[in-house]
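S.K.: For reference, this is start_21.csv, and it has CSV, C-alpha atoms.
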chain,number,residue,atom,x,y,z
A,1,GLY,CA,41.3,44.7,10.4
A,2,ALA,CA,40.8,41.8,12.8
A,3,VAL,CA,37.4,40.6,11.5
A,4,VAL,CA,36.0,37.2,12.4
A,5,SER,CA,33.0,35.8,10.5
A,6,GLN,CA,30.6,33.0,11.4
A,7,HIS,CA,28.4,31.1,9.0
A,8,PRO,CA,25.5,30.7,9.2
A,9,SER,CA,24.2,33.5,11.3
A,10,TRP,CA,21.2,31.5,12.2
A,11,VAL,CA,20.0,27.9,11.6
A,12,ILE,CA,16.9,26.0,12.3
A,13,CYS,CA,17.1,22.2,12.2
A,14,LYS,CA,15.1,19.1,13.1
A,15,SER,CA,16.0,17.1,16.1
A,16,GLY,CA,18.5,14.4,15.3
A,17,THR,CA,20.2,16.2,12.5
A,18,SER,CA,23.8,17.6,12.5
A,19,VAL,CA,24.7,21.2,12.1
A,20,LYS,CA,28.0,22.7,11.1
A,21,ILE,CA,29.0,26.2,12.1
A,22,GLU,CA,32.1,27.8,10.5
A,23,CYS,CA,34.3,30.4,12.1
A,24,ARG,CA,36.8,32.3,9.9
A,25,SER,CA,39.4,34.9,10.6
A,26,LEU,CA,39.3,37.1,7.5
A,27,ASP,CA,42.4,39.2,7.8
A,28,PHE,CA,44.7,37.4,10.2
A,29,GLN,CA,45.9,34.0,11.0
A,30,ALA,CA,44.7,32.5,14.3
A,31,THR,CA,46.6,29.7,15.9
A,32,THR,CA,43.9,29.4,18.5
A,33,MET,CA,40.1,29.7,18.3
A,34,PHE,CA,37.6,29.4,21.0
A,35,TRP,CA,34.0,28.3,21.0
A,36,TYR,CA,31.5,29.7,23.4
A,37,ARG,CA,27.8,28.9,24.1
A,38,GLN,CA,25.3,31.4,25.4
A,39,PHE,CA,21.8,30.4,26.6
A,40,PRO,CA,19.2,33.2,26.8
A,41,LYS,CA,19.8,35.6,29.6
A,42,GLN,CA,23.0,33.9,30.6
A,43,SER,CA,26.7,34.5,30.2
A,44,LEU,CA,29.1,33.1,27.7
A,45,MET,CA,30.5,29.7,28.6
A,46,LEU,CA,33.6,28.4,27.0
A,47,MET,CA,33.0,25.1,25.3
A,48,ALA,CA,36.4,24.3,23.9
A,49,THR,CA,39.8,25.6,22.7
A,50,SER,CA,40.7,24.8,19.2
A,51,ASN,CA,44.3,24.8,18.1
A,52,GLU,CA,45.3,24.6,14.5
A,53,GLY,CA,46.5,21.1,13.5
A,54,SER,CA,45.7,19.5,16.9
A,55,LYS,CA,42.8,18.1,18.8
A,56,ALA,CA,40.5,20.6,20.6
A,57,THR,CA,40.6,20.9,24.3
A,58,TYR,CA,37.1,20.7,25.8
A,59,GLU,CA,35.9,22.2,29.0
A,60,GLN,CA,34.5,20.0,31.7
A,61,GLY,CA,31.0,18.9,31.0
A,62,VAL,CA,31.2,19.4,27.3
A,63,GLU,CA,30.7,16.3,25.3
A,64,LYS,CA,33.5,16.0,22.7
A,65,ASP,CA,31.6,13.4,20.7
A,66,LYS,CA,28.6,15.6,20.4
A,67,PHE,CA,30.4,18.9,19.6
A,68,LEU,CA,33.0,18.1,17.0
A,69,ILE,CA,35.6,20.8,16.5
A,70,ASN,CA,38.0,20.9,13.6
A,71,HIS,CA,40.7,23.5,13.1
A,72,ALA,CA,42.2,22.5,9.8
A,73,SER,CA,43.8,25.8,8.8
A,74,LEU,CA,45.0,29.0,10.5
A,75,THR,CA,41.8,30.8,9.3
A,76,LEU,CA,39.0,28.3,9.8
A,77,SER,CA,37.6,26.4,12.6
A,78,THR,CA,34.3,24.4,12.5
A,79,LEU,CA,31.9,23.3,15.2
A,80,THR,CA,29.6,20.4,14.3
A,81,VAL,CA,26.7,19.8,16.6
A,82,THR,CA,25.9,16.1,16.0
A,83,SER,CA,22.4,14.6,16.6
A,84,ALA,CA,21.1,18.0,17.7
A,85,HIS,CA,18.3,18.1,20.3
A,86,PRO,CA,16.2,21.0,21.5
A,87,GLU,CA,18.4,21.5,24.5
A,88,ASP,CA,21.3,22.3,22.2
A,89,SER,CA,19.4,25.4,21.0
A,90,SER,CA,21.6,28.3,21.9
A,91,PHE,CA,23.8,31.1,20.6
A,92,TYR,CA,27.2,29.9,19.6
A,93,ILE,CA,30.0,32.4,19.4
A,94,CYS,CA,33.6,31.8,18.3
A,95,SER,CA,36.6,33.9,18.8
A,96,ALA,CA,40.0,34.0,17.2
A,97,THR,CA,43.4,34.9,18.6
A,98,PRO,CA,46.3,36.2,16.6
A,99,THR,CA,48.2,36.6,19.9
A,100,ALA,CA,47.6,35.2,23.3
A,101,ASP,CA,46.4,38.4,24.8
A,102,THR,CA,43.9,39.4,22.1
A,103,GLN,CA,40.6,37.8,21.1
A,104,TYR,CA,38.3,38.9,18.3
A,105,PHE,CA,34.7,37.6,18.4
A,106,GLY,CA,32.5,36.5,15.6
A,107,PRO,CA,28.9,37.7,15.3
A,108,GLY,CA,27.5,34.5,16.6
A,109,THR,CA,25.2,31.7,15.3
A,110,ARG,CA,21.8,31.2,16.7
A,111,LEU,CA,20.8,27.6,16.6
A,112,THR,CA,17.2,26.4,17.0
A,113,VAL,CA,16.5,22.7,17.1
A,114,LEU,CA,12.9,21.8,16.6
B,115,ALA,CA,40.5,29.1,40.1
B,116,GLN,CA,39.5,32.1,38.1
B,117,LYS,CA,36.2,33.8,38.6
B,118,VAL,CA,34.5,37.0,37.6
B,119,THR,CA,31.5,38.4,39.6
B,120,GLN,CA,29.1,41.0,38.3
B,121,ALA,CA,26.8,41.3,41.2
B,122,GLN,CA,24.3,43.6,39.5
B,123,THR,CA,22.1,41.5,37.3
B,124,GLU,CA,20.0,44.4,36.0
B,125,ILE,CA,20.2,48.1,36.2
B,126,SER,CA,17.7,50.6,35.1
B,127,VAL,CA,18.4,54.3,34.8
B,128,VAL,CA,16.9,57.4,33.1
B,129,GLU,CA,18.7,59.0,30.3
B,130,LYS,CA,21.5,61.4,31.3
B,131,GLU,CA,22.1,59.6,34.6
B,132,ASP,CA,25.6,58.3,35.4
B,133,VAL,CA,25.8,54.6,36.0
B,134,THR,CA,28.5,52.3,37.3
B,135,LEU,CA,28.8,48.6,36.6
B,136,ASP,CA,30.7,46.6,39.1
B,137,CYS,CA,33.2,43.8,38.4
B,138,VAL,CA,35.1,41.8,40.9
B,139,TYR,CA,37.6,39.1,39.9
B,140,GLU,CA,39.6,36.3,41.4
B,141,THR,CA,42.8,34.9,40.0
B,142,ARG,CA,46.1,33.5,41.3
B,143,ASP,CA,48.0,34.6,38.2
B,144,THR,CA,50.2,37.6,38.4
B,145,THR,CA,49.9,38.4,34.7
B,146,TYR,CA,46.3,38.7,33.4
B,147,TYR,CA,44.0,40.8,31.4
B,148,LEU,CA,40.7,42.3,32.2
B,149,PHE,CA,38.1,43.2,29.6
B,150,TRP,CA,34.7,44.8,29.2
B,151,TYR,CA,32.4,43.9,26.3
B,152,LYS,CA,29.0,45.2,25.3
B,153,GLN,CA,26.4,42.9,23.9
B,154,PRO,CA,23.4,44.7,22.2
B,155,PRO,CA,20.3,42.8,21.3
B,156,SER,CA,21.8,41.7,18.0
B,157,GLY,CA,24.1,39.5,20.1
B,158,GLU,CA,27.4,40.5,18.7
B,159,LEU,CA,30.0,41.3,21.3
B,160,VAL,CA,31.5,44.7,21.1
B,161,PHE,CA,35.0,45.1,22.6
B,162,LEU,CA,35.2,48.1,24.9
B,163,ILE,CA,38.5,47.9,26.8
B,164,ARG,CA,41.4,45.7,27.7
B,165,ARG,CA,43.6,46.3,30.7
B,166,ASN,CA,46.6,44.3,31.8
B,167,SER,CA,47.4,43.5,35.4
B,168,PHE,CA,50.4,45.8,35.5
B,169,ASP,CA,48.6,48.9,34.5
B,170,GLU,CA,46.3,50.4,37.2
B,171,GLN,CA,45.8,53.7,35.5
B,172,ASN,CA,42.2,54.6,35.1
B,173,GLU,CA,41.1,55.2,31.6
B,174,ILE,CA,38.5,57.5,30.1
B,175,SER,CA,37.1,57.2,26.6
B,176,GLY,CA,34.4,59.7,25.9
B,177,ARG,CA,31.5,59.0,28.2
B,178,TYR,CA,33.1,55.7,29.3
B,179,SER,CA,35.6,55.4,32.2
B,180,TRP,CA,37.1,52.5,34.0
B,181,ASN,CA,38.5,52.2,37.5
B,182,PHE,CA,41.0,49.3,38.0
B,183,GLN,CA,42.0,48.6,41.6
B,184,LYS,CA,44.2,45.6,42.2
B,185,SER,CA,43.9,46.0,46.0
B,186,THR,CA,40.2,45.2,45.8
B,187,SER,CA,40.3,43.1,42.7
B,188,SER,CA,37.8,45.3,41.0
B,189,PHE,CA,37.5,46.7,37.5
B,190,ASN,CA,34.4,48.9,37.5
B,191,PHE,CA,32.9,50.6,34.5
B,192,THR,CA,31.1,54.0,34.5
B,193,ILE,CA,29.0,55.5,31.8
B,194,THR,CA,28.5,59.2,32.2
B,195,ALA,CA,25.4,60.9,30.9
B,196,SER,CA,23.8,57.6,29.8
B,197,GLN,CA,21.9,57.4,26.6
B,198,VAL,CA,19.2,55.0,25.3
B,199,VAL,CA,21.8,53.5,22.9
B,200,ASP,CA,23.8,52.3,25.9
B,201,SER,CA,21.1,49.8,26.7
B,202,ALA,CA,22.7,46.4,26.4
B,203,VAL,CA,24.2,43.6,28.4
B,204,TYR,CA,27.7,44.4,29.6
B,205,PHE,CA,30.2,41.6,30.4
B,206,CYS,CA,33.4,41.8,32.4
B,207,ALA,CA,35.9,39.1,31.5
B,208,LEU,CA,39.3,37.9,32.7
B,209,SER,CA,42.0,36.0,30.8
B,210,ALA,CA,45.4,34.6,31.8
B,211,PRO,CA,47.1,34.4,28.5
B,212,TYR,CA,50.3,32.7,29.6
B,213,ASN,CA,48.8,30.0,31.9
B,214,GLN,CA,45.4,29.5,30.3
B,215,GLY,CA,46.1,29.9,26.7
B,216,GLY,CA,44.2,33.1,26.6
B,217,LYS,CA,40.7,31.8,27.3
B,218,LEU,CA,38.3,34.2,28.7
B,219,ILE,CA,36.2,33.8,31.9
B,220,PHE,CA,33.1,35.9,31.7
B,221,GLY,CA,31.1,37.4,34.5
B,222,GLN,CA,27.3,36.8,34.5
B,223,GLY,CA,26.7,40.1,32.8
B,224,THR,CA,24.8,43.2,33.8
B,225,GLU,CA,21.7,44.2,31.7
B,226,LEU,CA,21.6,47.9,31.5
B,227,SER,CA,18.3,49.6,30.5
B,228,VAL,CA,18.4,53.3,29.8
B,229,LYS,CA,15.0,54.9,29.6
B,230,PRO,CA,14.3,58.1,27.8
Can I see the file as structure tokens?
M.R.:
Amino acid sequence: GAVVSQHPSWVICKSGTSVKIECRSLDFQATTMFWYRQFPKQSLMLMATSNEGSKATYEQGVEKDKFLINHASLTLSTLTVTSAHPEDSSFYICSATPTADTQYFGPGTRLTVL
Amino acid sequence: AQKVTQAQTEISVVEKEDVTLDCVYETRDTTYYLFWYKQPPSGELVFLIRRNSFDEQNEISGRYSWNFQKSTSSFNFTITASQVVDSAVYFCALSAPYNQGGKLIFGQGTELSVKP
């Protein structure tokens, strides 16, 4: 149990286009999902906290108009990178929490912007 | 503010050696959780352990063991008789579920290389 999926697992796009990444909890309901970003050889940095039915809470320094997060149901959160640029190339990882003290991570999405 | 420090950026050992990965944390919360994750080259995070702030008992799971000491704010991870498959980046993380909504603060990670 407690499986989180992400789609796509990797994506290559042209500069200026938008990319949507989906995060799904497959066998549990998640009131809260988190989005992390990881640059090569670096740690995971929290981008935003996504709560079902409400606006996401963004960490300091993360542009909310560039990284659009939607958490429309208890099993799905989406991250849309708008007008992507090469500096947005990164590994994006989501996690889902059935309870406040447990997080299950997705397998990650590798984004490359040309 | 919460912070997790993994001072060892890279560690290289020869197979069968024991290795300890250090983790020091800072928090003002009285209730919190500490975690260790393994990240192999594929990128997917593998959960290893969760420890709550009220449980200072050390834990052993096979070749893995963890030493939690609140007095020094440390949560160290030891791999006994290391194997090549242990090569990965290991992250220590801290969460304060009740005050922070459960978000995790990660350390910088320690890249472990086990050579045959």
S.K.: When you draw a straight line from CA of Pro8 (chain A) to CA of Lys55 (chain A), how long is it in Å?
M.R.: 23.5 Å
S.K.: Taking all atoms listed in the file into account, find every residue of chain B that has an atom no more than 9 Å from chain A, and write it out as a ChimeraX atom specification.
M.R.: /B:146-147,156-161,164,205,209-212,215-223
S.K.: Would you kindly identify which residues have an atom no farther than 10 Å from (28.1, 58.2, 33.2), using only C-alpha atoms and the file's own coordinates, and write them out as number ranges by chain?
M.R.: B: 129-134, 176-179, 191-197
S.K.: Let me make sure I understand: among B:Ser188, B:Ala121, B:Ser126, B:Ala115, which one has the smallest atom-to-atom distance to Leu148 (chain B) if we use only C-alpha atoms?
M.R.: B:Ser188
S.K.: Which distance in Å separates CA of Glu63 (chain A) and CA of Cys13 (chain A), to one decimal?
M.R.: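 Between these atoms lies a distance of 19.8 Å.
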S.K.: Quick one: of B:Asp200, B:Thr145, B:Glu225, B:Cys137, who's nearest to Gln183 (chain B), counting only C-alpha atoms?
M.R.: B:Cys137
S.K.: Please measure the separation of CA of Ile125 (chain B) and CA of Phe149 (chain B), giving the value in Å to one decimal.
M.R.: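 Atom-to-atom, CA of Ile125 (chain B) to CA of Phe149 (chain B), that is 19.7 Å.
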S.K.: Give me the residues within 7 Å of Lys117 (chain B) as a PyMOL selection string, counting all atoms listed in the file and dropping any in the same chain fewer than 6 places off.
M.R.: chain B and resi 139-141+219
S.K.: So, with only C-alpha atoms as the atoms that count, which of A:Ser54, A:Ser89, A:Thr31, A:Thr112 lies closest to Leu76 (chain A)?
M.R.: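 Of the candidates, the smallest distance to Leu76 (chain A) is held by A:Thr31.
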S.K.: What's around Arg24 (chain A) at 8 Å? Count only C-alpha atoms, leave out sequence neighbours fewer than 2 positions away in its own chain, and write the answer as a list in words.
M.R.: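 My reading of the contact set: Val4, Ser5, Gln6, Glu22, Leu26, Thr75, Leu76 and Ser77 of chain A.
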S.K.: Take the point (24.9, 9.1, 16.4) as written in the file and pick out every residue within 9 Å of it, counting all atoms listed in the file; give the list as a PDB file with C-alpha atoms, in the frame of the given file.
M.R.:
ATOM      1  CA  GLY A  16      18.500  14.400  15.300  1.00  0.00           C
ATOM      2  CA  LYS A  66      28.600  15.600  20.400  1.00  0.00           C
ATOM      3  CA  THR A  82      25.900  16.100  16.000  1.00  0.00           C
ATOM      4  CA  SER A  83      22.400  14.600  16.600  1.00  0.00           C
TER       5      SER A  83
END
S.K.: Let me make sure I understand: among B:Phe189, B:Ala202, B:Leu226, B:Gln153, which one has the smallest atom-to-atom distance to Asp169 (chain B) if we use all atoms listed in the file?
M.R.: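 Looking only at the distances to Asp169 (chain B), the closest residue turns out to be B:Phe189.
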S.K.: Since the input is missing atoms for region 154-175 of chain B, could you rebuild it with N, CA and C atoms and give the result as a compact mmCIF listing (two decimals), in the coordinates of the input?
M.R.:
# COMPACT_ATOMS: atom_id res chain seq x y z
N PRO B 154 24.77 44.16 22.54
CA PRO B 154 23.40 44.70 22.20
C PRO B 154 22.50 43.56 21.87
N PRO B 155 21.24 43.86 21.67
CA PRO B 155 20.30 42.80 21.30
C PRO B 155 20.63 41.97 20.13
N SER B 156 21.41 42.50 19.23
CA SER B 156 21.80 41.70 18.00
C SER B 156 22.68 40.53 18.43
N GLY B 157 23.30 40.59 19.59
CA GLY B 157 24.10 39.50 20.10
C GLY B 157 25.59 39.58 19.87
N GLU B 158 26.01 40.42 18.94
CA GLU B 158 27.40 40.50 18.70
C GLU B 158 28.16 41.21 19.80
N LEU B 159 29.26 40.66 20.23
CA LEU B 159 30.00 41.30 21.30
C LEU B 159 30.86 42.43 20.78
N VAL B 160 30.76 43.53 21.47
CA VAL B 160 31.50 44.70 21.10
C VAL B 160 32.59 44.95 22.14
N PHE B 161 33.83 44.95 21.69
CA PHE B 161 35.00 45.10 22.60
C PHE B 161 34.98 46.59 23.07
N LEU B 162 35.16 46.79 24.38
CA LEU B 162 35.20 48.10 24.90
C LEU B 162 36.62 48.49 25.42
N ILE B 163 37.23 47.59 26.20
CA ILE B 163 38.50 47.90 26.80
C ILE B 163 39.24 46.63 27.19
N ARG B 164 40.56 46.70 27.15
CA ARG B 164 41.40 45.70 27.70
C ARG B 164 42.43 46.35 28.63
N ARG B 165 42.63 45.77 29.78
CA ARG B 165 43.60 46.30 30.70
C ARG B 165 44.46 45.20 31.23
N ASN B 166 45.78 45.40 31.23
CA ASN B 166 46.60 44.30 31.80
C ASN B 166 46.88 44.58 33.25
N SER B 167 47.29 43.53 33.91
CA SER B 167 47.40 43.50 35.40
C SER B 167 48.44 44.48 35.92
N PHE B 168 49.32 44.94 35.07
CA PHE B 168 50.40 45.80 35.50
C PHE B 168 50.06 47.30 35.34
N ASP B 169 48.93 47.56 34.76
CA ASP B 169 48.60 48.90 34.50
C ASP B 169 47.31 49.31 35.24
N GLU B 170 47.48 49.99 36.36
CA GLU B 170 46.30 50.40 37.20
C GLU B 170 45.82 51.76 36.88
N GLN B 171 46.32 52.36 35.86
CA GLN B 171 45.80 53.70 35.50
C GLN B 171 44.37 53.62 35.10
N ASN B 172 43.60 54.54 35.59
CA ASN B 172 42.20 54.60 35.10
C ASN B 172 42.18 55.15 33.71
N GLU B 173 41.14 54.79 33.02
CA GLU B 173 41.10 55.20 31.60
C GLU B 173 39.70 55.82 31.33
N ILE B 174 39.75 56.82 30.49
CA ILE B 174 38.50 57.50 30.10
C ILE B 174 38.47 57.49 28.55
N SER B 175 37.32 57.15 28.02
CA SER B 175 37.10 57.20 26.60
C SER B 175 35.72 57.77 26.34
